Every structure is written in structure tokens, then in C-alpha cells.
Amino acid sequence: TYTFKQPGYYRTSVLVHDATLAAIAYRDLIVTSNVTELTDADEDLSKWGYEIDKNEDGKAKVIFENDTANALIGKNSLKFQPAPYPGENVTVTYPKAKDAHWNASEKTKLTFWLRAENPNPTGFQGAGPVIKLHFEKGSLTFTPSSDKHLLRDWAYNEARTMWQLVEIPLTTDDPKWKVQKQGEVSLADIRGVSFTFDSWESDPFTVWLDGIGFE
């Protein structure tokens with residue numbers, strides 16, 4: 001028995017031989033950790049909200065679903081799709097009322113699992129996804145550095161179709177992330193969290209989120 005020390009993606013392989021012939025096989029593994037999820041709205045989708053840029057006529061919507069077939073933590077993951085998609089920034093927020101009052105003062109990072117399907121040939125654009133923590137009178141915005149998009153510049157090739165773990169430090173600087181502070185912030189009273197995605201072209205894309213929590 002082997003116990004993985006850290007969550008993430010792993011490829012395990014085995015080589016079998018009889019001194020004359022040999023064969024190799026492998027399995028891709030997603031290893032998760034015990035995390036208390038922020039989103040009890042896995043089952044209460046009405047707590048999720050969204051904004052779509054340049055959607056003054058209100059025709060573009062975001063469709064939220066509970067996905068039991070693609071869940072890593074608990075029995076559901078959150079699946080959402082903007083449809084129709086106007087080719088602009090799409091932001092999803094939990095809770096939409098920004099009244100969560102999470103206390104992360106003794107935590108060091110925000111973590112979540114992420115995967116997506118994007119039929120647009122050029123894929124996602126710009127640096128992203130952009131993650132924002134909301135406070136009563138301020139916000140913290142985290143953007144991948146070097147114009148990197150986690151759903152375009154994958155940490156490993158298998159992340160094109162599989163889950164990837166995202167970890168954002170809350171108390172230390174990380175060259176992988178640019179942090180913008182606005183107003184007054186306190187990790188002892190976080191009101192909500194937002195995720196922003198932007199794609200080239202205008203075919204609807206699909207994103208899955210799971211295991212959102214502070215560790």
C-alpha cells in the first residue's frame with residue numbers, strides 16, 4: 001500500500017517481465033485531500049450568481065448544474081456554461097449575496113479543483129481564471145502571472161481533459177500569482193468568492209469546479 005503525501009495528479013506505472021519479455025501499463029490518478037468545502041450550494045444552485053460583460057440585453061445566461069458523474073469531493077461538482085456566450089468575461093460568484101462570513105485567518109491558501117471543455121479553436125484568452133475574494137469594504141484579486149491561463153497553459157498535458165488542482169497562497173507571496181488589494185480586507189471575514197473566465201470566439205464553454213475551500 002502506498003499513500004500519497006500531497007493531493008494532485010499522478011501517473012502510476014508498472015513494468016512486468018519474465019527476463020525475456022516485458023510489458024508496461026499505467027493509470028492516471030487524481031489524489032484529493034480532506035477539505036471542508038465552502039460551497040454547500042453544490043445542492044443549492046440558487047446561491048450562485050453570475051455576471052457577463054456587455055450583456056445589457058440580458059440574453060446571455062449562465063446555466064448551473066450539479067454534476068454527480070464528475071465529482072471529486074463529496075457527491076457533486078459544480079458545472080456551469082454561459083449560453084448564449086457573447087465572447088466576453090463571465091464571472092460566477094458564491095454566494096451571490098456575498099454574505100458568507102468565512103473565517104480563514106488561520107488558513108494559508110485557497111484551493112479548488114478545476115476542469116473545462118472549450119470548443120472554440122483559440123481557447124481561453126488572457127490571464128486566468130481570475131479569482132476574487134470579497135470583503136465588506138474591499139477585495140483581493142488573484143491573477144496568474146505572465147499572462148498565463150490555467151486552462152490554456154496546462155501544468156501537464158492530461159489537464160486538457162482532466163481535473164487540475166489550483167492552490168492560491170493567502171499569506172505569502174507567490175511568483176505564480178499577481179495579487180491586487182482594494183479597500184479593507186480581513187481574512188477573518190470573507191464574504192464570497194468569484195471566478196472569471198474569458199474565451200476567444202463565441203461558442204459556449206463548460207467549466208467544472210469542486211472542492212473549493214481554505215486550508
# chains A, B, ... in the order shown; residues from 1 in each chain; ligands from 1
>>> residues_around(residues="range 198-205 of chain A", least_positions_apart="3", cutoff="6 Å", atoms="only C-alpha atoms", output="ChimeraX atom specification")
/A:81-83,85-89,117-118,120,122-125
>>> write_last_selection(atoms="C-alpha atoms", output="compact mmCIF listing (two decimals), in the first residue's frame")
# COMPACT_ATOMS: atom_id res chain seq x y z
CA GLN A 81 -21.93 27.07 -19.04
CA PRO A 82 -22.65 30.55 -20.46
CA ALA A 83 -25.28 30.20 -23.19
CA TYR A 85 -21.95 33.19 -24.99
CA PRO A 86 -21.19 36.73 -26.21
CA GLY A 87 -17.41 36.27 -26.14
CA GLU A 88 -16.88 38.39 -23.02
CA ASN A 89 -15.84 37.92 -19.40
CA GLU A 117 -14.21 21.94 -22.16
CA ASN A 118 -13.87 24.73 -24.71
CA ASN A 120 -13.54 27.43 -29.52
CA THR A 122 -8.31 29.55 -29.91
CA GLY A 123 -9.50 28.59 -26.44
CA PHE A 124 -9.43 30.76 -23.35
CA GLN A 125 -7.81 34.18 -23.56
>>> residues_around(residues="Gln164 in chain A", least_positions_apart="6", cutoff="8 Å", atoms="only C-alpha atoms", output="MDAnalysis selection string")
chainID A and resid 8:9 113:115
>>> write_last_selection(atoms="N, CA, C and O atoms", output="compact mmCIF listing (two decimals), in the first residue's frame")
# COMPACT_ATOMS: atom_id res chain seq x y z
N GLY A 8 -3.17 15.99 -5.91
CA GLY A 8 -2.77 16.40 -7.25
C GLY A 8 -2.92 15.28 -8.25
O GLY A 8 -3.59 14.26 -7.99
N TYR A 9 -2.30 15.47 -9.41
CA TYR A 9 -2.34 14.47 -10.47
C TYR A 9 -1.08 13.62 -10.41
O TYR A 9 0.03 14.14 -10.25
N TRP A 113 -10.47 22.48 -7.27
CA TRP A 113 -10.22 21.66 -8.45
C TRP A 113 -10.96 22.27 -9.64
O TRP A 113 -12.07 22.78 -9.50
N LEU A 114 -10.31 22.19 -10.81
CA LEU A 114 -10.81 22.88 -12.00
C LEU A 114 -10.64 22.02 -13.23
O LEU A 114 -9.63 21.35 -13.41
N ARG A 115 -11.66 22.01 -14.09
CA ARG A 115 -11.53 21.42 -15.42
C ARG A 115 -12.50 22.12 -16.36
O ARG A 115 -13.43 22.81 -15.91
>>> residues_around(residues="His149 in chain A", least_positions_apart="4", cutoff="9 Å", atoms="only C-alpha atoms", output="compact mmCIF listing (two decimals) with all heavy atoms, in the first residue's frame")
# COMPACT_ATOMS: atom_id res chain seq x y z
N PHE A 124 -9.29 29.67 -24.31
CA PHE A 124 -9.43 30.76 -23.35
C PHE A 124 -8.38 31.84 -23.61
O PHE A 124 -7.28 31.55 -24.10
CB PHE A 124 -9.30 30.23 -21.92
CG PHE A 124 -10.46 29.38 -21.50
CD1 PHE A 124 -10.38 27.99 -21.60
CD2 PHE A 124 -11.63 29.95 -21.03
CE1 PHE A 124 -11.45 27.19 -21.22
CE2 PHE A 124 -12.70 29.16 -20.64
CZ PHE A 124 -12.61 27.78 -20.75
N GLN A 125 -8.72 33.07 -23.28
CA GLN A 125 -7.81 34.18 -23.56
C GLN A 125 -7.42 34.93 -22.31
O GLN A 125 -8.12 34.90 -21.30
CB GLN A 125 -8.44 35.15 -24.56
CG GLN A 125 -9.61 35.94 -24.06
CD GLN A 125 -9.99 37.06 -25.00
OE1 GLN A 125 -9.15 37.83 -25.44
NE2 GLN A 125 -11.27 37.12 -25.36
N GLY A 126 -6.26 35.61 -22.43
CA GLY A 126 -5.77 36.40 -21.32
C GLY A 126 -5.30 35.56 -20.15
O GLY A 126 -5.26 34.33 -20.21
N ALA A 127 -4.94 36.23 -19.07
CA ALA A 127 -4.55 35.53 -17.85
C ALA A 127 -5.80 35.10 -17.10
O ALA A 127 -6.75 35.87 -16.97
CB ALA A 127 -3.69 36.43 -16.98
N GLY A 128 -5.80 33.88 -16.64
CA GLY A 128 -7.00 33.43 -15.94
C GLY A 128 -6.89 31.99 -15.46
O GLY A 128 -5.91 31.30 -15.72
N PRO A 129 -7.93 31.53 -14.80
CA PRO A 129 -9.06 32.34 -14.36
C PRO A 129 -8.64 33.35 -13.29
O PRO A 129 -7.64 33.16 -12.60
CB PRO A 129 -10.03 31.31 -13.79
CG PRO A 129 -9.16 30.18 -13.34
CD PRO A 129 -8.02 30.13 -14.34
N THR A 143 -4.57 36.86 -10.00
CA THR A 143 -4.47 36.64 -11.43
C THR A 143 -3.19 35.88 -11.73
O THR A 143 -2.12 36.28 -11.24
CB THR A 143 -4.47 37.97 -12.20
OG1 THR A 143 -5.61 38.74 -11.83
CG2 THR A 143 -4.49 37.73 -13.71
N PRO A 144 -3.23 34.80 -12.52
CA PRO A 144 -1.99 34.10 -12.86
C PRO A 144 -0.98 35.05 -13.52
O PRO A 144 -1.34 35.90 -14.34
CB PRO A 144 -2.46 33.02 -13.84
CG PRO A 144 -3.87 32.76 -13.45
CD PRO A 144 -4.42 34.11 -13.05
N SER A 145 0.28 34.91 -13.13
CA SER A 145 1.33 35.76 -13.66
C SER A 145 1.69 35.40 -15.10
O SER A 145 1.32 34.33 -15.60
CB SER A 145 2.59 35.64 -12.78
OG SER A 145 2.31 36.02 -11.45
N ASP A 153 -2.58 27.04 -20.61
CA ASP A 153 -1.17 26.72 -20.36
C ASP A 153 -1.13 25.69 -19.24
O ASP A 153 -0.84 26.01 -18.09
CB ASP A 153 -0.41 27.98 -19.97
CG ASP A 153 -0.63 29.11 -20.97
OD1 ASP A 153 -0.29 28.92 -22.14
OD2 ASP A 153 -1.18 30.16 -20.58
N TRP A 154 -1.44 24.46 -19.61
CA TRP A 154 -1.68 23.42 -18.62
C TRP A 154 -0.41 23.03 -17.87
O TRP A 154 0.70 23.01 -18.45
CB TRP A 154 -2.28 22.19 -19.28
CG TRP A 154 -3.58 22.44 -19.94
CD1 TRP A 154 -4.82 22.49 -19.37
CD2 TRP A 154 -3.79 22.73 -21.34
NE1 TRP A 154 -5.79 22.77 -20.31
CE2 TRP A 154 -5.18 22.91 -21.52
CE3 TRP A 154 -2.94 22.83 -22.44
CZ2 TRP A 154 -5.73 23.20 -22.76
CZ3 TRP A 154 -3.47 23.13 -23.69
CH2 TRP A 154 -4.87 23.31 -23.84
>>> residues_around(residues="Val31 in chain A", least_positions_apart="3", cutoff="10 Å", atoms="only C-alpha atoms", output="JSON, numbers by chain")
{"A": [3, 4, 5, 6, 7, 8, 9, 10, 28, 72, 165]}
>>> residues_around(residues="range 42-52 of chain A", least_positions_apart="4", cutoff="8 Å", atoms="only C-alpha atoms", output="ChimeraX atom specification")
/A:60-62,64-66,76-78,88-97
